[in-house]
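Below: start37.pdb (PDB, C-alpha atoms)
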ATOM      1  CA  MET E 174       6.261   5.619   4.348  1.00  0.00           C
ATOM      2  CA  LEU E 175       5.498   9.059   5.741  1.00  0.00           C
ATOM      3  CA  LEU E 176       6.666  12.142   3.837  1.00  0.00           C
ATOM      4  CA  GLY E 177       6.541  15.532   5.521  1.00  0.00           C
ATOM      5  CA  GLU E 178       7.158  19.184   4.645  1.00  0.00           C
ATOM      6  CA  LEU E 179       7.028  18.447   0.912  1.00  0.00           C
ATOM      7  CA  ASP E 180       6.653  22.142   0.074  1.00  0.00           C
ATOM      8  CA  ARG E 181       9.614  23.245   2.249  1.00  0.00           C
ATOM      9  CA  CYS E 182      12.292  20.716   3.234  1.00  0.00           C
ATOM     10  CA  PRO E 183      10.979  17.248   2.264  1.00  0.00           C
ATOM     11  CA  GLN E 184      11.587  14.635   4.939  1.00  0.00           C
ATOM     12  CA  MET E 185      10.935  10.938   5.457  1.00  0.00           C
ATOM     13  CA  PHE E 186       9.990   9.240   8.723  1.00  0.00           C
ATOM     14  CA  PHE E 187      11.847   6.177  10.021  1.00  0.00           C
ATOM     15  CA  ILE E 188      11.821   3.956  13.058  1.00  0.00           C
ATOM     16  CA  GLN E 189      14.557   1.870  14.583  1.00  0.00           C
ATOM     17  CA  ARG E 190      13.022  -1.414  15.568  1.00  0.00           C
ATOM     18  CA  ALA E 191      13.389  -2.593  19.155  1.00  0.00           C
ATOM     19  CA  LEU E 192      15.900  -5.331  19.887  1.00  0.00           C
ATOM     20  CA  HIS E 193      14.202  -8.739  20.159  1.00  0.00           C
ATOM     21  CA  GLU E 194      16.002 -12.058  19.964  1.00  0.00           C
ATOM     22  CA  GLY E 195      14.766 -14.141  17.049  1.00  0.00           C
ATOM     23  CA  ASP E 196      13.355 -11.141  15.169  1.00  0.00           C
ATOM     24  CA  PRO E 197      15.068 -10.950  11.739  1.00  0.00           C
ATOM     25  CA  TRP E 198      14.511  -7.165  11.654  1.00  0.00           C
ATOM     26  CA  SER E 199      15.603  -6.500  15.235  1.00  0.00           C
ATOM     27  CA  GLY E 200      17.275  -3.087  15.596  1.00  0.00           C
ATOM     28  CA  GLN E 201      16.974  -2.244  11.905  1.00  0.00           C
ATOM     29  CA  ILE E 202      15.889   1.079  10.415  1.00  0.00           C
ATOM     30  CA  ALA E 203      12.440   0.705   8.882  1.00  0.00           C
ATOM     31  CA  PHE E 204       9.080   2.310   8.296  1.00  0.00           C
ATOM     32  CA  PRO E 205       6.264   1.712  10.768  1.00  0.00           C
ATOM     33  CA  GLY E 206       4.403  -1.424   9.804  1.00  0.00           C
ATOM     34  CA  GLY E 207       3.847  -5.055  10.505  1.00  0.00           C
ATOM     35  CA  SER E 208       1.816  -8.141   9.862  1.00  0.00           C
ATOM     36  CA  ARG E 209      -1.727  -8.107   8.616  1.00  0.00           C
ATOM     37  CA  ASP E 210      -4.248  -9.274  11.211  1.00  0.00           C
ATOM     38  CA  THR E 211      -7.226 -11.377  10.204  1.00  0.00           C
ATOM     39  CA  ALA E 212      -9.447  -8.431  11.248  1.00  0.00           C
ATOM     40  CA  ASP E 213      -7.696  -6.079   8.770  1.00  0.00           C
ATOM     41  CA  PRO E 214      -9.820  -5.723   5.624  1.00  0.00           C
ATOM     42  CA  ASP E 215      -6.725  -4.972   3.509  1.00  0.00           C
ATOM     43  CA  THR E 216      -3.039  -4.104   3.753  1.00  0.00           C
ATOM     44  CA  LEU E 217      -3.750  -0.355   3.641  1.00  0.00           C
ATOM     45  CA  HIS E 218      -5.752  -0.772   6.848  1.00  0.00           C
ATOM     46  CA  THR E 219      -2.819  -2.767   8.260  1.00  0.00           C
ATOM     47  CA  ALA E 220      -0.422   0.088   7.470  1.00  0.00           C
ATOM     48  CA  ARG E 221      -2.687   2.621   9.180  1.00  0.00           C
ATOM     49  CA  ARG E 222      -3.239   0.391  12.240  1.00  0.00           C
ATOM     50  CA  GLU E 223       0.444  -0.524  12.623  1.00  0.00           C
ATOM     51  CA  THR E 224       1.568   3.120  12.350  1.00  0.00           C
ATOM     52  CA  LEU E 225      -0.835   4.091  15.120  1.00  0.00           C
ATOM     53  CA  GLU E 226       0.199   1.117  17.295  1.00  0.00           C
ATOM     54  CA  GLU E 227       3.954   1.513  16.798  1.00  0.00           C
ATOM     55  CA  VAL E 228       4.416   5.287  16.951  1.00  0.00           C
ATOM     56  CA  GLY E 229       1.060   6.777  17.941  1.00  0.00           C
ATOM     57  CA  ILE E 230       0.559   8.591  14.625  1.00  0.00           C
ATOM     58  CA  SER E 231      -2.953   8.345  13.198  1.00  0.00           C
ATOM     59  CA  LEU E 232      -2.955   8.547   9.410  1.00  0.00           C
ATOM     60  CA  ASP E 233      -6.639   9.541   9.347  1.00  0.00           C
ATOM     61  CA  GLY E 234      -6.940  12.780   7.411  1.00  0.00           C
ATOM     62  CA  TYR E 235      -3.512  12.462   5.776  1.00  0.00           C
ATOM     63  CA  ARG E 236      -3.334  12.131   2.014  1.00  0.00           C
ATOM     64  CA  LEU E 237      -2.402   8.750   0.562  1.00  0.00           C
ATOM     65  CA  LEU E 238      -0.025   9.540  -2.312  1.00  0.00           C
ATOM     66  CA  GLY E 239       0.143   5.991  -3.596  1.00  0.00           C
ATOM     67  CA  GLN E 240       1.777   2.623  -3.192  1.00  0.00           C
ATOM     68  CA  LEU E 241       5.284   1.585  -4.212  1.00  0.00           C
ATOM     69  CA  ASP E 242       5.955  -1.741  -5.929  1.00  0.00           C
ATOM     70  CA  ASP E 243       5.595  -4.694  -3.570  1.00  0.00           C
ATOM     71  CA  GLN E 244       8.866  -6.279  -2.461  1.00  0.00           C
ATOM     72  CA  LYS E 245       9.556  -9.907  -1.596  1.00  0.00           C
ATOM     73  CA  SER E 246      11.615 -10.711   1.458  1.00  0.00           C
ATOM     74  CA  HIS E 247      14.055 -13.586   1.757  1.00  0.00           C
ATOM     75  CA  ILE E 248      11.922 -14.645   4.752  1.00  0.00           C
ATOM     76  CA  ARG E 249       9.401 -17.349   3.917  1.00  0.00           C
ATOM     77  CA  ILE E 250       6.136 -18.102   5.711  1.00  0.00           C
ATOM     78  CA  ASN E 251       4.507 -21.475   5.040  1.00  0.00           C
ATOM     79  CA  SER E 252       7.027 -21.901   2.188  1.00  0.00           C
ATOM     80  CA  LYS E 253       5.770 -18.700   0.505  1.00  0.00           C
ATOM     81  CA  PRO E 254       7.908 -15.539   0.280  1.00  0.00           C
ATOM     82  CA  LEU E 255       6.847 -12.720   2.567  1.00  0.00           C
ATOM     83  CA  VAL E 256       5.553  -9.818   0.440  1.00  0.00           C
ATOM     84  CA  ILE E 257       5.863  -6.287   1.816  1.00  0.00           C
ATOM     85  CA  ASN E 258       3.556  -3.454   0.715  1.00  0.00           C
ATOM     86  CA  CYS E 259       4.621   0.185   1.072  1.00  0.00           C
ATOM     87  CA  PHE E 260       1.983   2.908   1.129  1.00  0.00           C
ATOM     88  CA  VAL E 261       3.143   6.524   0.888  1.00  0.00           C
ATOM     89  CA  PHE E 262       1.381   9.226   2.920  1.00  0.00           C
ATOM     90  CA  GLU E 263       1.859  12.984   2.902  1.00  0.00           C
ATOM     91  CA  VAL E 264       1.867  14.487   6.379  1.00  0.00           C
ATOM     92  CA  PRO E 265       2.220  18.287   5.911  1.00  0.00           C
ATOM     93  CA  GLU E 266       3.504  18.942   9.435  1.00  0.00           C
ATOM     94  CA  LEU E 267       5.931  16.574  11.152  1.00  0.00           C
ATOM     95  CA  PRO E 268       3.863  14.832  13.832  1.00  0.00           C
ATOM     96  CA  SER E 269       5.588  13.762  17.028  1.00  0.00           C
ATOM     97  CA  ALA E 270       5.858  10.048  17.591  1.00  0.00           C
ATOM     98  CA  VAL E 271       5.290   8.098  20.778  1.00  0.00           C
ATOM     99  CA  ASN E 272       7.415   4.990  20.423  1.00  0.00           C
ATOM    100  CA  GLY E 273       5.657   1.773  21.386  1.00  0.00           C
ATOM    101  CA  ASP E 274       7.142  -1.534  22.558  1.00  0.00           C
ATOM    102  CA  GLU E 275       8.275  -2.508  19.055  1.00  0.00           C
ATOM    103  CA  VAL E 276      10.191   0.737  18.441  1.00  0.00           C
ATOM    104  CA  ASN E 277      13.513   1.771  19.940  1.00  0.00           C
ATOM    105  CA  ASP E 278      13.632   5.191  18.232  1.00  0.00           C
ATOM    106  CA  SER E 279      11.881   7.246  15.552  1.00  0.00           C
ATOM    107  CA  PHE E 280      13.069  10.228  13.555  1.00  0.00           C
ATOM    108  CA  TRP E 281      12.682  12.358  10.417  1.00  0.00           C
ATOM    109  CA  THR E 282      15.439  12.496   7.771  1.00  0.00           C
ATOM    110  CA  ARG E 283      15.737  14.978   4.909  1.00  0.00           C
ATOM    111  CA  ILE E 284      15.160  13.401   1.501  1.00  0.00           C
ATOM    112  CA  ASP E 285      18.101  15.352   0.071  1.00  0.00           C
ATOM    113  CA  HIS E 286      20.347  13.486   2.545  1.00  0.00           C
ATOM    114  CA  LEU E 287      18.889  10.162   1.397  1.00  0.00           C
ATOM    115  CA  ALA E 288      19.410  11.082  -2.275  1.00  0.00           C
ATOM    116  CA  ASP E 289      22.980  12.365  -1.859  1.00  0.00           C
ATOM    117  CA  PRO E 290      25.480   9.846  -3.347  1.00  0.00           C
ATOM    118  CA  ALA E 291      28.038  10.959  -0.724  1.00  0.00           C
ATOM    119  CA  ASN E 292      25.933   9.143   1.901  1.00  0.00           C
ATOM    120  CA  ARG E 293      25.991   5.794   0.069  1.00  0.00           C
ATOM    121  CA  MET E 294      27.970   2.958   1.573  1.00  0.00           C
ATOM    122  CA  ASP E 295      28.528  -0.767   1.439  1.00  0.00           C
ATOM    123  CA  HIS E 296      27.008  -2.475   4.514  1.00  0.00           C
ATOM    124  CA  ARG E 297      28.390  -5.779   5.769  1.00  0.00           C
ATOM    125  CA  ILE E 298      26.034  -7.992   7.747  1.00  0.00           C
ATOM    126  CA  ASP E 299      27.362  -9.089  11.160  1.00  0.00           C
ATOM    127  CA  ARG E 300      28.906 -12.573  11.228  1.00  0.00           C
ATOM    128  CA  SER E 301      28.654 -12.857   7.453  1.00  0.00           C
ATOM    129  CA  ASP E 302      30.504 -12.019   4.273  1.00  0.00           C
ATOM    130  CA  LEU E 303      27.351 -10.554   2.732  1.00  0.00           C
ATOM    131  CA  HIS E 304      27.463  -6.902   1.666  1.00  0.00           C
ATOM    132  CA  TYR E 305      24.477  -4.710   0.756  1.00  0.00           C
ATOM    133  CA  PRO E 306      24.077  -1.192  -0.625  1.00  0.00           C
ATOM    134  CA  ALA E 307      23.120   1.203   2.146  1.00  0.00           C
ATOM    135  CA  ILE E 308      22.801   4.835   3.227  1.00  0.00           C
ATOM    136  CA  ARG E 309      24.512   6.250   6.312  1.00  0.00           C
ATOM    137  CA  LEU E 310      21.911   8.413   8.040  1.00  0.00           C
ATOM    138  CA  GLU E 311      22.618  11.686   9.813  1.00  0.00           C
ATOM    139  CA  GLY E 312      22.541  10.023  13.239  1.00  0.00           C
ATOM    140  CA  GLY E 313      25.008   7.357  12.118  1.00  0.00           C
ATOM    141  CA  GLN E 314      22.399   4.628  11.643  1.00  0.00           C
ATOM    142  CA  VAL E 315      22.587   2.454   8.534  1.00  0.00           C
ATOM    143  CA  LEU E 316      19.591   2.132   6.212  1.00  0.00           C
ATOM    144  CA  TRP E 317      19.737  -1.049   4.127  1.00  0.00           C
ATOM    145  CA  GLY E 318      17.607  -3.988   2.978  1.00  0.00           C
ATOM    146  CA  LEU E 319      13.921  -3.712   2.130  1.00  0.00           C
ATOM    147  CA  THR E 320      13.584  -0.191   3.512  1.00  0.00           C
ATOM    148  CA  TYR E 321      16.589   0.901   1.419  1.00  0.00           C
ATOM    149  CA  ARG E 322      14.919  -0.587  -1.679  1.00  0.00           C
ATOM    150  CA  PHE E 323      11.698   1.325  -1.000  1.00  0.00           C
ATOM    151  CA  VAL E 324      13.627   4.573  -0.407  1.00  0.00           C
ATOM    152  CA  GLN E 325      15.565   4.101  -3.659  1.00  0.00           C
ATOM    153  CA  MET E 326      12.327   3.384  -5.511  1.00  0.00           C
ATOM    154  CA  LEU E 327      10.758   6.632  -4.282  1.00  0.00           C
ATOM    155  CA  ILE E 328      13.895   8.709  -4.921  1.00  0.00           C
ATOM    156  CA  GLY E 329      14.170   7.291  -8.427  1.00  0.00           C
ATOM    157  CA  ARG E 330      10.636   8.491  -9.138  1.00  0.00           C
ATOM    158  CA  VAL E 331      10.705  11.960  -7.601  1.00  0.00           C
ATOM    159  CA  VAL E 332      14.233  13.344  -7.270  1.00  0.00           C
ATOM    160  CA  PRO E 333      15.659  14.931 -10.443  1.00  0.00           C
ATOM    161  CA  HIS E 334      18.888  13.311 -11.628  1.00  0.00           C
TER     162      HIS E 334
END
Give the structure from this file in structure tokens form.
Amino acid sequence: MLLGELDRCPQMFFIQRALHEGDPWSGQIAFPGGSRDTADPDTLHTARRETLEEVGISLDGYRLLGQLDDQKSHIRINSKPLVINCFVFEVPELPSAVNGDEVNDSFWTRIDHLADPANRMDHRIDRSDLHYPAIRLEGGQVLWGLTYRFVQMLIGRVVPH
């Protein structure tokens, strides 16, 4: 999770994943990130590497603010639930992204838009009766699922009620 302009107009960085058949997160709004490689010493290194690979933003020199609570996915690998880590970085200026093969789009969204109850919605999954809480973003995209949970976790900790 990248947070920018915290002293002016706080914003959060998102990607829209590229469309790939068989990818459970295909086309979804997310944060840069991905699977840990065997060469990665830890998941923080994975987050830094994946951000650079996916959007060309090096997190070297940016302040790590902390880590949100790990989240388990409904996806299982070797019969174990997939656990997702979310590290939060402060990037004072809003760096430009260069979208890689795994990214269809990338953009910054104001945190006040994310926190505004008027932007909440109920999201129905295609070809299913399942509904999930979501946020309609300024460009019309829908933020839901694990990324929504991480956003809600951060907003619950930092935005006054």
Legend entry - Selection result for the PyMOL selection byres ((chain E and resi 319-332) around 8) on this file, as a PyMOL selection string: chain E and resi 202-204+241+244+246+259+287-288+307-308+316-318+333-334
Using all atoms listed in the file, find each residue of region 234-281 of chain E with at least one atom at most 12 Å away from an atom of region 215-228 of chain E; report its shortest atom-to-atom pair and that distance in Å (one decimal), sort the rows by chain and rising residue number, and return the result as a Markdown table.
| residue | atom | partner | partner_atom | distance |
| --- | --- | --- | --- | --- |
| E:Gly234 | CA | E:Arg221 | CA | 11.2 |
| E:Tyr235 | CA | E:Arg221 | CA | 10.4 |
| E:Arg236 | CA | E:Arg221 | CA | 11.9 |
| E:Leu237 | CA | E:Leu217 | CA | 9.7 |
| E:Gly239 | CA | E:Leu217 | CA | 10.4 |
| E:Gln240 | CA | E:Leu217 | CA | 9.3 |
| E:Asp243 | CA | E:Thr216 | CA | 11.3 |
| E:Val256 | CA | E:Thr216 | CA | 10.8 |
| E:Ile257 | CA | E:Thr216 | CA | 9.4 |
| E:Asn258 | CA | E:Thr216 | CA | 7.3 |
| E:Cys259 | CA | E:Ala220 | CA | 8.1 |
| E:Phe260 | CA | E:Leu217 | CA | 7.1 |
| E:Val261 | CA | E:Ala220 | CA | 9.9 |
| E:Phe262 | CA | E:Arg221 | CA | 10.0 |
| E:Pro268 | CA | E:Val228 | CA | 10.1 |
| E:Ser269 | CA | E:Val228 | CA | 8.6 |
| E:Ala270 | CA | E:Val228 | CA | 5.0 |
| E:Val271 | CA | E:Val228 | CA | 4.8 |
| E:Asn272 | CA | E:Val228 | CA | 4.6 |
| E:Gly273 | CA | E:Glu227 | CA | 4.9 |
| E:Asp274 | CA | E:Glu227 | CA | 7.3 |
| E:Glu275 | CA | E:Glu227 | CA | 6.3 |
| E:Val276 | CA | E:Glu227 | CA | 6.5 |
| E:Asn277 | CA | E:Glu227 | CA | 10.1 |
| E:Asp278 | CA | E:Val228 | CA | 9.3 |
| E:Ser279 | CA | E:Val228 | CA | 7.8 |
| E:Phe280 | CA | E:Val228 | CA | 10.5 |
Inset, instruction - Rounded to one decimal place, report the CA of Met185 (chain E)-CA of Trp198 (chain E) distance in Å. - result: 19.5 Å
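Straight-line separation from CA of Val264 (chain E) to CA of Leu175 (chain E): 6.6 Å.
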Legend entry - Test item: residues at most 9 Å from Asp285 (chain E), all atoms listed in the file, excluding those fewer than 3 positions along its chain, as number ranges by chain: E: 182-184, 282, 288-289, 332
Legend entry - Point-to-point distance from CA of Phe186 (chain E) to CA of Ala212 (chain E), Å rounded to tenths: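 CA of Ala212 (chain E) lies at a distance of 26.4 Å from CA of Phe186 (chain E).
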